[in-house]
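S.K.: Got a structure for you, run.txt, holding compact mmCIF, C-alpha atoms.
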# COMPACT_ATOMS: atom_id res chain seq x y z
CA MET A 1 -3.41 -3.45 -1.77
CA LYS A 2 -4.06 -4.78 -5.21
CA ALA A 3 -2.47 -4.08 -8.53
CA THR A 4 -2.22 -5.57 -11.98
CA LEU A 5 0.59 -3.27 -13.00
CA PRO A 6 3.85 -2.39 -11.21
CA ILE A 7 3.89 0.81 -9.12
CA SER A 8 6.46 3.21 -7.34
CA PHE A 9 6.85 6.63 -5.75
CA PHE A 10 8.13 9.49 -7.84
CA LEU A 11 9.56 12.71 -6.46
CA LEU A 12 8.83 15.07 -9.29
CA GLY A 13 10.53 18.01 -10.93
CA LEU A 14 14.09 17.61 -9.66
CA SER A 15 17.32 16.28 -11.06
CA LEU A 16 18.43 12.97 -9.55
CA GLY A 17 20.82 13.08 -6.65
CA LYS A 18 19.54 16.35 -5.20
CA PRO A 19 17.13 16.72 -2.29
CA LEU A 20 13.62 18.06 -2.69
CA SER A 21 13.09 21.73 -2.12
CA LYS A 22 13.54 22.81 1.47
CA ARG A 23 10.65 21.70 3.65
CA SER A 24 9.76 21.50 7.29
CA VAL A 25 9.05 17.76 7.62
CA ASP A 26 11.68 15.83 9.54
CA PHE A 27 12.63 13.48 6.70
CA SER A 28 15.25 14.16 4.03
CA TRP A 29 13.38 13.18 0.91
CA GLY A 30 15.89 12.36 -1.82
CA LEU A 31 18.75 11.92 0.62
CA GLU A 32 17.37 9.27 2.99
CA LYS A 33 16.22 5.95 1.57
CA VAL A 34 12.61 5.17 2.39
CA ARG A 35 12.49 1.81 4.19
CA GLY A 36 8.90 1.30 5.16
CA VAL A 37 6.05 -1.07 5.82
CA ASN A 38 2.31 -0.69 5.29
CA ILE A 39 -0.12 -1.07 8.17
CA GLY A 40 -2.78 -2.38 5.82
CA GLY A 41 -6.02 -4.04 6.90
CA TRP A 42 -6.24 -1.97 10.08
CA LEU A 43 -8.26 1.18 9.40
CA VAL A 44 -9.58 -0.19 6.09
CA LEU A 45 -10.53 -3.86 6.26
CA GLU A 46 -9.30 -6.27 3.59
CA PRO A 47 -10.80 -9.79 3.78
CA TRP A 48 -7.55 -11.55 2.88
CA ILE A 49 -5.70 -9.82 5.72
CA THR A 50 -8.34 -10.54 8.39
CA PRO A 51 -10.47 -13.39 7.00
CA SER A 52 -11.83 -14.32 10.44
CA ILE A 53 -13.95 -11.17 10.51
CA PHE A 54 -15.72 -12.21 7.32
CA GLN A 55 -15.82 -15.96 7.92
CA ALA A 56 -18.05 -15.24 10.90
CA PHE A 57 -20.89 -14.57 8.47
CA PRO A 58 -22.23 -17.49 6.37
CA GLY A 59 -22.46 -17.09 2.62
CA HIS A 60 -20.68 -14.56 0.46
CA ASN A 61 -22.74 -11.44 1.10
CA THR A 62 -20.29 -9.80 3.52
CA ILE A 63 -17.16 -9.26 1.44
CA ASP A 64 -15.72 -5.87 2.43
CA GLU A 65 -16.09 -3.11 4.99
CA TRP A 66 -19.09 -1.61 3.18
CA THR A 67 -21.11 -4.83 3.29
CA LEU A 68 -20.01 -5.58 6.84
CA CYS A 69 -21.48 -2.26 7.95
CA GLN A 70 -24.50 -2.49 5.64
CA ASN A 71 -25.50 -6.07 6.46
CA HIS A 72 -24.64 -6.06 10.16
CA PRO A 73 -25.31 -2.56 11.49
CA ASP A 74 -25.83 -3.77 15.06
CA THR A 75 -22.61 -5.76 15.38
CA ALA A 76 -20.25 -3.96 12.98
CA PRO A 77 -19.38 -1.11 15.40
CA GLY A 78 -18.21 -3.53 18.07
CA ILE A 79 -16.34 -5.72 15.57
CA LEU A 80 -14.50 -2.73 14.16
CA LYS A 81 -13.66 -1.16 17.50
CA ASN A 82 -12.26 -4.44 18.78
CA HIS A 83 -10.17 -4.73 15.61
CA TRP A 84 -8.91 -1.14 15.76
CA ASP A 85 -7.99 -1.59 19.44
CA ASN A 86 -6.10 -4.84 19.00
CA TRP A 87 -4.66 -5.20 15.51
CA VAL A 88 -1.56 -3.07 16.04
CA GLY A 89 0.00 -1.08 18.87
CA LEU A 90 3.09 0.59 20.27
CA SER A 91 4.99 -2.69 20.63
CA ASP A 92 4.47 -3.41 16.92
CA PHE A 93 5.88 -0.02 15.96
CA GLN A 94 8.86 -0.76 18.20
CA THR A 95 9.33 -4.09 16.38
CA ILE A 96 9.31 -2.23 13.07
CA ALA A 97 11.82 0.34 14.26
CA ASN A 98 14.08 -2.29 15.85
CA ALA A 99 14.21 -4.13 12.51
CA GLY A 100 15.70 -1.04 10.85
CA PHE A 101 12.63 0.44 9.15
CA ASN A 102 12.08 4.20 9.16
CA THR A 103 8.53 4.64 7.82
CA VAL A 104 4.98 3.33 8.24
CA ARG A 105 2.25 3.97 5.69
CA ILE A 106 -1.22 4.16 7.26
CA PRO A 107 -4.12 3.42 4.87
CA VAL A 108 -7.43 4.97 5.95
CA GLY A 109 -10.87 5.35 4.38
CA TYR A 110 -12.64 8.62 3.72
CA TRP A 111 -15.43 7.64 6.12
CA ALA A 112 -13.07 7.99 9.06
CA PHE A 113 -13.45 11.76 8.53
CA GLN A 114 -16.80 12.27 6.81
CA LYS A 115 -19.71 10.12 5.61
CA PHE A 116 -21.55 10.55 2.31
CA ASN A 117 -24.79 8.53 2.27
CA ASP A 118 -22.97 5.30 3.09
CA PRO A 119 -23.27 2.54 5.72
CA TYR A 120 -19.74 2.86 7.11
CA VAL A 121 -19.02 3.03 10.84
CA GLN A 122 -16.97 6.00 11.96
CA GLY A 123 -14.35 5.96 14.69
CA ALA A 124 -11.10 5.14 12.89
CA ALA A 125 -9.78 8.71 12.75
CA SER A 126 -8.59 8.78 16.35
CA TYR A 127 -6.37 5.76 15.67
CA ILE A 128 -4.33 7.85 13.24
CA ASP A 129 -3.46 9.98 16.25
CA SER A 130 -2.48 6.81 18.11
CA ALA A 131 -0.26 5.73 15.22
CA ILE A 132 1.42 9.12 15.12
CA SER A 133 2.05 8.93 18.85
CA TRP A 134 3.57 5.44 18.55
CA ALA A 135 5.71 6.59 15.63
CA ARG A 136 6.93 9.60 17.58
CA GLN A 137 7.89 7.36 20.51
CA THR A 138 9.76 4.88 18.29
CA GLY A 139 11.42 7.26 15.83
CA LEU A 140 9.35 6.25 12.79
CA LYS A 141 7.82 8.53 10.14
CA VAL A 142 4.19 8.28 8.98
CA TRP A 143 2.56 8.60 5.58
CA ILE A 144 -1.20 9.09 5.81
CA ASP A 145 -2.79 7.34 2.82
CA LEU A 146 -6.38 7.93 1.64
CA HIS A 147 -7.00 4.32 0.66
CA GLY A 148 -10.74 4.53 0.00
CA ALA A 149 -12.59 7.40 -1.71
CA PRO A 150 -16.31 8.10 -2.12
CA GLY A 151 -17.79 5.90 -4.84
CA SER A 152 -14.66 3.67 -4.86
CA GLN A 153 -11.79 4.70 -7.08
CA ASN A 154 -10.97 1.15 -8.20
CA GLY A 155 -13.76 -1.28 -7.30
CA TYR A 156 -11.40 -3.25 -5.04
CA ASP A 157 -12.25 -4.29 -1.50
CA ASN A 158 -9.21 -2.29 -0.39
CA SER A 159 -11.19 0.85 -1.24
CA GLY A 160 -13.83 -0.28 1.26
CA HIS A 161 -16.36 -1.25 -1.41
CA ASN A 162 -15.79 -4.11 -3.83
CA GLY A 163 -17.59 -3.92 -7.18
CA THR A 164 -18.22 -1.00 -9.48
CA ILE A 165 -16.10 2.13 -9.78
CA GLY A 166 -18.13 5.21 -8.89
CA TRP A 167 -15.43 7.77 -8.14
CA GLY A 168 -15.77 10.60 -10.65
CA ASP A 169 -19.55 10.38 -10.68
CA GLY A 170 -21.73 13.08 -9.13
CA ASN A 171 -20.07 14.86 -6.23
CA THR A 172 -17.54 12.12 -5.40
CA VAL A 173 -14.46 14.10 -6.44
CA ALA A 174 -15.59 17.19 -4.54
CA ASP A 175 -16.37 14.98 -1.53
CA THR A 176 -12.88 13.48 -1.71
CA ARG A 177 -11.38 16.96 -1.70
CA SER A 178 -13.47 17.78 1.36
CA VAL A 179 -11.85 14.85 3.16
CA ILE A 180 -8.34 15.75 2.03
CA GLN A 181 -8.89 19.30 3.25
CA GLN A 182 -9.79 17.93 6.68
CA VAL A 183 -6.70 15.71 6.68
CA ALA A 184 -4.48 18.60 5.59
CA ASN A 185 -5.93 21.08 8.04
CA LYS A 186 -4.89 18.81 10.88
CA TYR A 187 -1.97 16.63 9.81
CA ALA A 188 -0.12 19.03 7.51
CA ARG A 189 0.30 21.50 10.37
CA SER A 190 3.80 22.19 11.59
CA ASP A 191 3.17 20.47 14.92
CA TYR A 192 2.84 17.14 13.07
CA GLN A 193 5.77 17.58 10.69
CA ASP A 194 8.21 15.87 13.03
CA VAL A 195 6.37 12.61 12.28
CA VAL A 196 4.03 13.02 9.29
CA ALA A 197 6.38 12.86 6.31
CA ALA A 198 3.70 12.98 3.58
CA ILE A 199 -0.01 12.77 2.77
CA GLU A 200 -1.20 10.50 -0.04
CA VAL A 201 -4.30 11.95 -1.67
CA LEU A 202 -5.67 8.76 -3.29
CA ASN A 203 -4.56 5.13 -3.46
CA GLU A 204 -4.69 3.14 -6.70
CA PRO A 205 -7.28 4.99 -8.78
CA GLN A 206 -8.11 3.05 -11.93
CA SER A 207 -7.40 6.12 -14.01
CA THR A 208 -8.61 4.69 -17.33
CA GLU A 209 -11.90 3.47 -15.83
CA VAL A 210 -13.06 6.33 -13.59
CA ASN A 211 -15.50 8.84 -15.04
CA GLY A 212 -13.38 11.45 -16.81
CA GLY A 213 -10.42 9.13 -17.21
CA PRO A 214 -6.82 10.11 -16.48
CA ASP A 215 -7.58 13.80 -16.98
CA ALA A 216 -10.00 13.69 -14.04
CA VAL A 217 -7.36 12.06 -11.84
CA VAL A 218 -4.72 14.61 -12.86
CA GLN A 219 -7.07 17.50 -12.13
CA TYR A 220 -8.00 16.07 -8.75
CA TYR A 221 -4.33 15.68 -7.92
CA LYS A 222 -3.66 19.29 -8.81
CA ASP A 223 -6.57 20.45 -6.68
CA ALA A 224 -5.63 18.23 -3.74
CA TYR A 225 -2.04 19.43 -3.95
CA GLY A 226 -3.35 22.97 -3.68
CA ASP A 227 -5.49 22.06 -0.68
CA ILE A 228 -2.46 20.72 1.17
CA SER A 229 0.07 23.33 0.06
CA VAL A 230 -2.04 26.19 1.43
CA VAL A 231 -1.57 24.63 4.87
CA SER A 232 2.13 23.78 4.70
CA ASP A 233 4.94 22.31 2.61
CA THR A 234 4.25 18.74 3.78
CA PRO A 235 5.03 16.51 0.75
CA VAL A 236 2.07 15.26 -1.27
CA ILE A 237 1.95 11.68 -2.56
CA LEU A 238 0.13 10.88 -5.81
CA HIS A 239 -0.51 7.33 -6.97
CA ASP A 240 0.37 6.78 -10.62
CA GLY A 241 -3.10 5.53 -11.55
CA PHE A 242 -1.55 2.47 -13.26
CA GLN A 243 0.14 4.70 -15.82
CA ASN A 244 3.76 4.55 -16.92
CA GLY A 245 6.18 6.78 -15.07
CA THR A 246 6.66 9.18 -17.96
CA PHE A 247 2.92 9.85 -18.03
CA TRP A 248 3.46 12.08 -15.00
CA ASP A 249 6.36 14.07 -16.44
CA GLY A 250 5.51 17.74 -16.22
CA THR A 251 2.61 17.25 -13.79
CA LEU A 252 3.03 19.25 -10.58
CA THR A 253 6.75 19.77 -11.13
CA ALA A 254 8.99 22.65 -10.11
CA PRO A 255 8.86 25.57 -10.17
CA GLY A 256 5.06 25.56 -10.07
CA ALA A 257 4.87 22.74 -7.54
CA ARG A 258 7.31 21.23 -5.09
CA ASN A 259 7.49 18.33 -2.66
CA VAL A 260 5.31 16.04 -4.78
CA VAL A 261 5.62 12.24 -4.65
CA ILE A 262 4.00 9.67 -6.99
CA ASP A 263 3.19 6.22 -5.59
CA HIS A 264 3.80 3.17 -7.83
CA HIS A 265 3.39 -0.53 -6.73
CA GLU A 266 5.21 -3.73 -7.80
CA TYR A 267 3.64 -7.20 -7.64
CA GLN A 268 4.21 -10.43 -9.57
CA VAL A 269 1.04 -12.42 -8.81
CA PHE A 270 -1.90 -10.76 -10.53
CA THR A 271 -1.54 -12.14 -14.05
CA GLU A 272 -1.31 -15.70 -15.38
CA GLU A 273 2.06 -14.91 -16.99
CA LEU A 274 3.63 -13.73 -13.74
CA ILE A 275 2.14 -16.48 -11.58
CA ASP A 276 3.71 -19.07 -13.90
CA LEU A 277 7.27 -17.82 -13.34
CA SER A 278 9.72 -20.05 -11.50
CA ALA A 279 11.38 -18.76 -8.34
CA GLU A 280 14.51 -17.86 -10.29
CA GLU A 281 12.44 -16.18 -13.02
CA HIS A 282 10.74 -14.04 -10.37
CA VAL A 283 14.18 -12.84 -9.25
CA GLN A 284 15.28 -12.13 -12.80
CA TYR A 285 12.05 -10.26 -13.49
CA VAL A 286 12.83 -8.00 -10.53
CA CYS A 287 16.26 -7.30 -12.00
CA SER A 288 15.22 -6.81 -15.63
CA HIS A 289 11.97 -4.95 -15.05
CA ALA A 290 13.28 -2.13 -12.87
CA GLY A 291 14.14 0.06 -15.82
CA THR A 292 10.50 0.28 -16.88
CA TYR A 293 9.67 2.39 -13.85
CA SER A 294 13.01 3.91 -12.83
CA ALA A 295 14.96 4.64 -16.03
CA ASN A 296 14.72 7.76 -18.21
CA VAL A 297 12.21 9.54 -15.99
CA ASP A 298 12.53 13.09 -14.72
CA HIS A 299 11.58 12.15 -11.19
CA TRP A 300 12.67 9.82 -8.43
CA VAL A 301 11.04 6.45 -7.79
CA VAL A 302 10.10 4.79 -4.52
CA VAL A 303 8.37 1.39 -4.70
CA GLY A 304 5.51 2.01 -2.32
CA GLU A 305 3.98 -1.47 -2.25
CA TRP A 306 5.64 -4.85 -2.87
CA SER A 307 5.65 -8.23 -1.20
CA ALA A 308 7.39 -11.59 -0.88
CA ALA A 309 4.52 -13.35 -2.67
CA MET A 310 5.22 -15.54 -5.69
CA THR A 311 1.71 -17.04 -5.51
CA ASP A 312 -1.80 -15.66 -5.06
CA CYS A 313 -2.60 -18.29 -2.43
CA ALA A 314 -3.55 -15.84 0.32
CA ALA A 315 -7.20 -16.56 1.05
CA ALA A 316 -9.49 -13.94 -0.55
CA LEU A 317 -6.51 -12.08 -2.08
CA ASN A 318 -8.39 -11.89 -5.38
CA GLY A 319 -11.70 -11.13 -3.69
CA TYR A 320 -13.73 -12.83 -0.98
CA GLY A 321 -15.05 -16.19 -2.14
CA LEU A 322 -12.83 -16.29 -5.25
CA GLY A 323 -10.06 -18.77 -5.91
CA SER A 324 -6.43 -18.47 -6.98
CA ARG A 325 -4.55 -18.47 -10.25
CA TRP A 326 -1.94 -20.67 -8.57
CA GLU A 327 -4.43 -23.53 -8.17
CA GLY A 328 -6.38 -22.71 -11.33
CA SER A 329 -9.55 -21.82 -9.42
CA TYR A 330 -9.76 -18.08 -10.10
CA PRO A 331 -12.93 -17.69 -12.22
CA LEU A 332 -12.04 -14.39 -13.90
CA THR A 333 -9.24 -16.09 -15.85
CA GLY A 334 -11.34 -19.05 -16.86
CA ALA A 335 -10.10 -21.25 -13.99
CA VAL A 336 -7.20 -22.69 -15.99
CA PRO A 337 -6.50 -26.20 -14.63
CA SER A 338 -3.36 -26.48 -12.50
CA THR A 339 -1.54 -29.24 -10.66
CA ARG A 340 -0.15 -26.73 -8.16
CA SER A 341 -1.51 -26.58 -4.63
CA CYS A 342 -1.57 -23.69 -2.19
CA GLY A 343 -1.33 -26.35 0.51
CA GLN A 344 0.94 -25.04 3.22
CA ILE A 345 2.11 -21.84 1.49
CA ASN A 346 0.15 -19.59 3.86
CA TYR A 347 1.74 -21.13 7.00
CA ILE A 348 5.41 -20.24 7.34
CA ASP A 349 6.09 -22.79 10.08
CA THR A 350 5.43 -25.52 7.49
CA TRP A 351 7.73 -24.07 4.81
CA ASN A 352 10.61 -26.29 3.75
CA GLN A 353 14.10 -24.86 3.43
CA THR A 354 13.85 -24.52 -0.35
CA LEU A 355 10.77 -22.30 -0.11
CA LYS A 356 12.41 -20.22 2.61
CA ASP A 357 15.58 -19.81 0.54
CA ASN A 358 13.69 -18.94 -2.65
CA THR A 359 11.53 -16.40 -0.85
CA ARG A 360 14.54 -14.79 0.81
CA ARG A 361 16.31 -14.52 -2.56
CA TYR A 362 13.21 -12.87 -4.02
CA ILE A 363 13.11 -10.39 -1.14
CA GLU A 364 16.86 -9.72 -1.35
CA ALA A 365 16.64 -9.04 -5.10
CA GLN A 366 13.85 -6.53 -4.54
CA LEU A 367 15.71 -4.79 -1.74
CA ASP A 368 18.80 -4.56 -3.97
CA VAL A 369 16.94 -3.10 -6.93
CA TYR A 370 14.76 -0.70 -4.96
CA GLU A 371 17.70 0.62 -2.96
CA GLN A 372 20.07 0.90 -5.92
CA GLN A 373 17.72 2.11 -8.64
CA THR A 374 15.08 4.03 -6.68
CA GLN A 375 14.82 6.13 -3.56
CA GLY A 376 13.35 3.35 -1.43
CA TRP A 377 10.38 1.13 -0.74
CA VAL A 378 7.40 0.28 1.51
CA PHE A 379 6.64 -3.43 2.04
CA TRP A 380 3.04 -4.71 2.03
CA ASN A 381 2.15 -5.73 4.73
CA PHE A 382 3.15 -5.62 8.40
CA LYS A 383 0.90 -8.51 9.46
CA THR A 384 -1.91 -10.82 8.34
CA GLU A 385 -3.91 -13.53 10.04
CA ALA A 386 -2.68 -16.31 7.73
CA SER A 387 -0.83 -15.12 4.62
CA ALA A 388 2.87 -15.62 5.28
CA GLU A 389 4.12 -14.32 1.92
CA TRP A 390 2.64 -10.91 2.79
CA ASP A 391 3.42 -10.90 6.51
CA LEU A 392 6.53 -8.96 7.55
CA GLU A 393 6.16 -9.94 11.18
CA ARG A 394 6.25 -13.66 10.37
CA LEU A 395 8.95 -13.26 7.72
CA LEU A 396 11.21 -11.44 10.18
CA THR A 397 10.63 -13.99 12.94
CA ALA A 398 11.44 -16.86 10.58
CA GLY A 399 14.60 -15.15 9.35
CA VAL A 400 13.29 -15.04 5.78
CA PHE A 401 13.16 -11.24 5.63
CA PRO A 402 16.75 -10.04 6.16
CA SER A 403 17.79 -7.65 8.89
CA LEU A 404 18.11 -4.14 7.48
CA LYS A 405 20.76 -3.05 9.97
CA GLY A 406 24.13 -3.25 8.26
CA ARG A 407 22.63 -5.10 5.30
CA GLN A 408 24.89 -5.49 2.27
CA SER A 409 23.73 -5.95 -1.32
CA SER A 410 23.16 -9.59 -2.29
CA SER A 411 24.42 -8.97 -5.87
CA LEU A 412 21.64 -11.22 -7.18
CA CYS A 413 21.03 -8.87 -10.09
CA SER A 414 24.69 -8.77 -11.11
CA THR A 415 24.94 -12.48 -11.89
Let me see whether you can do it: turn the structure in this file into C-alpha cells.
M.R.:
Amino acid sequence: MKATLPISFFLLGLSLGKPLSKRSVDFSWGLEKVRGVNIGGWLVLEPWITPSIFQAFPGHNTIDEWTLCQNHPDTAPGILKNHWDNWVGLSDFQTIANAGFNTVRIPVGYWAFQKFNDPYVQGAASYIDSAISWARQTGLKVWIDLHGAPGSQNGYDNSGHNGTIGWGDGNTVADTRSVIQQVANKYARSDYQDVVAAIEVLNEPQSTEVNGGPDAVVQYYKDAYGDISVVSDTPVILHDGFQNGTFWDGTLTAPGARNVVIDHHEYQVFTEELIDLSAEEHVQYVCSHAGTYSANVDHWVVVGEWSAAMTDCAAALNGYGLGSRWEGSYPLTGAVPSTRSCGQINYIDTWNQTLKDNTRRYIEAQLDVYEQQTQGWVFWNFKTEASAEWDLERLLTAGVFPSLKGRQSSSLCST
C-alpha cells in the first residue's frame, strides 16, 4: 500500500447497471457490491505493518523484504516462515466474514513463484492455497494480487524492494508475464473459480516513471490479459497506474476483451495539503472528490484500497527510518515544522471519544460514497502491529468501524 493519488477498480466496456459478461467465477461482478479487506503485510512484508521484524536489526540497512533476505540470509527464512505461519489464519477469515465482508485481497510478490537473480526467500506460494481454503470454508472470495514485480514497479517497500524503479528494464516485463502465466495456469482454472474472483496482474505501477512509460504498462496489461484469458474467463484486475479514470477508456473493453477490472486507490495522507485537512474537511473531501474517479467514465469503479487514516503517523508508513508529515519530520517535504504530535494516535485504546467519533464519521462517509457512487471497496488493512488507523481488526473491536450487516447510509455527504 502506498499512493499519492486516489485509486479505484474499474469494470471496463459495459454500460452502468448491467453485469459483466457471463463468467464462471462465483461472484456477480456489477450486481454484488465488493466489500473487502486487504491481507497486506503477510506474503509481502511492509515495515510499517510489522515493524518488529525490522526493529530487530540495528541501523537502517534492513528496510524491506529484499534487504531482509539480502543482509540476513541465514535468519530470514526462519523469520519469514514464522510470520507466514502466524500472521493470519482461518479464525481471522471467519472474523472478516462475520463482520459482513465478502472479499479478501491477497498481495503476493513475484518471488513466491519464480526468482530472477534476487535474494528473496521462497515459500509464500503455498500460503495462497491456505488462504483460498480458509476463504472457501468461510464463504469469502479471493483476489490474488501481484504486489511486487521484478525490478520493482514503483520503488516502494510494498513492492518488496524500496528505492529505484527497475520494472521495464531488461527482461523484467517478460519475467513478470512468466509469473502471471504461472498464477493463471493454476488459479484461473475452473476448480478455483468458486473462490478466486479475480487476478490482479500488477499493483501500483508508477506508469510515468517506468521505462517505456504508460504505453509499456498498457501493453503489459494487454499481454497479461491474454495470458489469463487463454486459461479461463476469470476476471483480470488492472491497476490504473496513477492515471485518471478516463485514461483507460477503450483499453481492453468489449467486444475485444471482457471481465476486466481496473484497481484505483484512495488515501488522504500522502501530501502536505491533505494531511493539513481538519476531520470535517477530510469527510467533505470524500464527498466532493468522488466524481473525479467515478463520474463520466465508461466503466465501473471499485475503490480497492482506502483507510481510516487522517494522519501519516504509522511508524515507517513513509519508509523505514523516515518521519511523518503530521509531525513535520518527513525529510522529503523539507520537514516543515509542526506543533502536532503523533503521540497516542497509533494506539486505539488511548483514543479519546472525539478521535473515535471523527474517525468513524470519516469511515462512514467513505462507505457511503463508495457504495453509492461505485461498485464497492477493499479496506487497507486487516491488521497491523501498531497502526490503529489502518487496522480493521482493532477498529472493529473498538466499535469505530461500523458493522456492515444491515448498515444504513449515514447521509454525511447529503448535509
S.K.: Would you mind reading off the distance between atom CA of A:Trp306 and atom CA of A:Glu266, one decimal, in Å?
M.R.: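 According to the coordinates, atom CA of A:Trp306 and atom CA of A:Glu266 are separated by 5.1 Å.
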S.K.: Record the distance separating atom CA of A:Tyr285 and atom CA of A:Trp29, expressed in Å with one decimal.
M.R.: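 Computing it gives 27.5 Å between the two atoms.
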S.K.: Considering all atoms listed in the file, return as a PyMOL selection string whatever protein or nucleic-acid residues lie within 6 Å of stretch 63-70 of chain A, sequence-local ones (same chain, fewer than 5 positions apart) excluded.
M.R.: chain A and resi 45+76+119-120+157+160-161+320
S.K.: Return the single residue from A:Pro205, A:Pro107, A:Pro402, A:Pro47 that is closest to A:Gly155, with distances computed using all atoms listed in the file.
M.R.: A:Pro205
S.K.: Hey, which of A:Tyr192, A:Tyr347, A:Tyr156, A:Phe379 ends up closest to A:His265? Count only C-alpha atoms.
M.R.: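 Result for the nearest residue to A:His265: A:Phe379.
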S.K.: Which one is closest to A:Gly30: A:Arg360, A:His299, A:His289, A:His83? Count all atoms listed in the file.
M.R.: A:His299
S.K.: Within 6 Å of (-5.5, 8.4, 2.1) in the file's own coordinates, which protein, DNA or RNA residues have an atom, counting all atoms listed in the file? List them as a list of chain:residue names.
M.R.: A:Pro107, A:Val108, A:Ile144, A:Asp145, A:Leu146, A:His147, A:Glu200, A:Val201, A:Leu202
S.K.: Just give me the gap between atom CA of A:Asn102 and atom CA of A:Leu140 in Å, one decimal is fine.
M.R.: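 Between atom CA of A:Asn102 and atom CA of A:Leu140 the gap works out to 5.0 Å.
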S.K.: Give me, as CSV, each residue of stretch 213-232 of chain A that comes within 10 Å of stretch 240-262 of chain A, together with its shortest interatomic pair and the distance in Å at one decimal, counting all atoms listed in the file, with rows ordered by chain and rising residue number.
M.R.:
residue,atom,partner,partner_atom,distance
A:Gly213,CA,A:Gly241,CA,9.9
A:Pro214,CA,A:Gly241,CA,7.7
A:Val217,CA,A:Gly241,CA,7.8
A:Val218,CA,A:Thr251,CA,7.8
A:Gln219,CA,A:Thr251,CA,9.8
A:Tyr221,CA,A:Leu252,CA,8.6
A:Lys222,CA,A:Leu252,CA,6.9
A:Tyr225,CA,A:Val260,CA,8.1
A:Gly226,CA,A:Ala257,CA,9.1
A:Ser229,CA,A:Ala257,CA,9.0
S.K.: Rank A:Asn381, A:Asn117, A:Ser278, A:Ser329 by their smallest atom-to-atom distance to A:Arg105, using all atoms listed in the file, and report the top residue only.
M.R.: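 For A:Arg105, the nearest of the given residues is A:Asn381.
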S.K.: Which residue out of A:Ala112, A:Val302, A:Ala124, A:Val173 has the minimum interatomic distance to A:Val34 when all atoms listed in the file are used?
M.R.: A:Val302
S.K.: Given only C-alpha atoms as the basis, pick out the residue of A:Ser324, A:Gln366, A:Asn358, A:Ser232 nearest to A:Val286.
M.R.: A:Gln366
S.K.: Would you kindly identify which residues have an atom no farther than 7 Å from (-19.0, 11.4, -1.8), using only C-alpha atoms and the file's own coordinates, and write them out as a list in words?
M.R.: Phe116, Pro150, Gly151, Asn171, Thr172, Asp175 and Thr176 of chain A
S.K.: Can you pull out the residues contacting A:Thr339? Cut-off 10 Å, using all atoms listed in the file, and skip same-chain residues under 3 positions away; I want them as a ChimeraX atom specification.
M.R.: /A:326-328
S.K.: What lies within 9 Å of A:Leu277 using all atoms listed in the file, ignoring chain neighbours under 4 positions off, as a PDB file with C-alpha atoms, in the frame of the given file?
M.R.:
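What follows is the written file selection.pdb:
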ATOM      1  CA  GLN A 268       4.210 -10.430  -9.570  1.00  0.00           C
ATOM      2  CA  GLU A 273       2.060 -14.910 -16.990  1.00  0.00           C
ATOM      3  CA  GLU A 281      12.440 -16.180 -13.020  1.00  0.00           C
ATOM      4  CA  HIS A 282      10.740 -14.040 -10.370  1.00  0.00           C
ATOM      5  CA  TYR A 285      12.050 -10.260 -13.490  1.00  0.00           C
ATOM      6  CA  MET A 310       5.220 -15.540  -5.690  1.00  0.00           C
TER       7      MET A 310
END
S.K.: Enumerate, in order of chain and increasing residue number, the residues of stretch 30-128 of chain A with an atom no farther than 8 Å from stretch 385-392 of chain A, each with its shortest atom pair and distance in Å to one decimal, counting all atoms listed in the file, as JSON lines.
M.R.:
{"residue": "A:Trp48", "atom": "CA", "partner": "A:Ser387", "partner_atom": "CA", "distance": 7.8}
{"residue": "A:Ile49", "atom": "CA", "partner": "A:Glu385", "partner_atom": "CA", "distance": 6.0}
{"residue": "A:Thr50", "atom": "CA", "partner": "A:Glu385", "partner_atom": "CA", "distance": 5.6}
{"residue": "A:Pro51", "atom": "CA", "partner": "A:Glu385", "partner_atom": "CA", "distance": 7.2}
{"residue": "A:Ser52", "atom": "CA", "partner": "A:Glu385", "partner_atom": "CA", "distance": 8.0}
S.K.: Could you add the missing atoms to stretch 165-174 of chain A, up to N, CA and C atoms, and return them as an mmCIF file, keeping the file's coordinate frame?
M.R.:
data_model
loop_
_atom_site.group_PDB
_atom_site.id
_atom_site.type_symbol
_atom_site.label_atom_id
_atom_site.label_comp_id
_atom_site.auth_asym_id
_atom_site.auth_seq_id
_atom_site.Cartn_x
_atom_site.Cartn_y
_atom_site.Cartn_z
ATOM 1 N N ILE A 165 -16.867 0.912 -10.018
ATOM 2 C CA ILE A 165 -16.100 2.130 -9.780
ATOM 3 C C ILE A 165 -17.038 3.323 -9.933
ATOM 4 N N GLY A 166 -17.218 4.068 -8.843
ATOM 5 C CA GLY A 166 -18.130 5.210 -8.890
ATOM 6 C C GLY A 166 -17.445 6.540 -8.671
ATOM 7 N N TRP A 167 -16.144 6.511 -8.342
ATOM 8 C CA TRP A 167 -15.430 7.770 -8.140
ATOM 9 C C TRP A 167 -15.363 8.519 -9.468
ATOM 10 N N GLY A 168 -15.660 9.797 -9.435
ATOM 11 C CA GLY A 168 -15.770 10.600 -10.650
ATOM 12 C C GLY A 168 -17.198 10.909 -11.004
ATOM 13 N N ASP A 169 -18.133 10.138 -10.459
ATOM 14 C CA ASP A 169 -19.550 10.380 -10.680
ATOM 15 C C ASP A 169 -20.075 11.394 -9.657
ATOM 16 N N GLY A 170 -21.071 12.173 -10.058
ATOM 17 C CA GLY A 170 -21.730 13.080 -9.130
ATOM 18 C C GLY A 170 -20.759 13.971 -8.386
ATOM 19 N N ASN A 171 -20.900 13.994 -7.060
ATOM 20 C CA ASN A 171 -20.070 14.860 -6.230
ATOM 21 C C ASN A 171 -18.875 14.135 -5.605
ATOM 22 N N THR A 172 -18.545 12.936 -6.099
ATOM 23 C CA THR A 172 -17.540 12.120 -5.400
ATOM 24 C C THR A 172 -16.167 12.780 -5.366
ATOM 25 N N VAL A 173 -15.779 13.463 -6.430
ATOM 26 C CA VAL A 173 -14.460 14.100 -6.440
ATOM 27 C C VAL A 173 -14.448 15.274 -5.452
ATOM 28 N N ALA A 174 -15.497 16.070 -5.482
ATOM 29 C CA ALA A 174 -15.590 17.190 -4.540
ATOM 30 C C ALA A 174 -15.628 16.674 -3.099
#
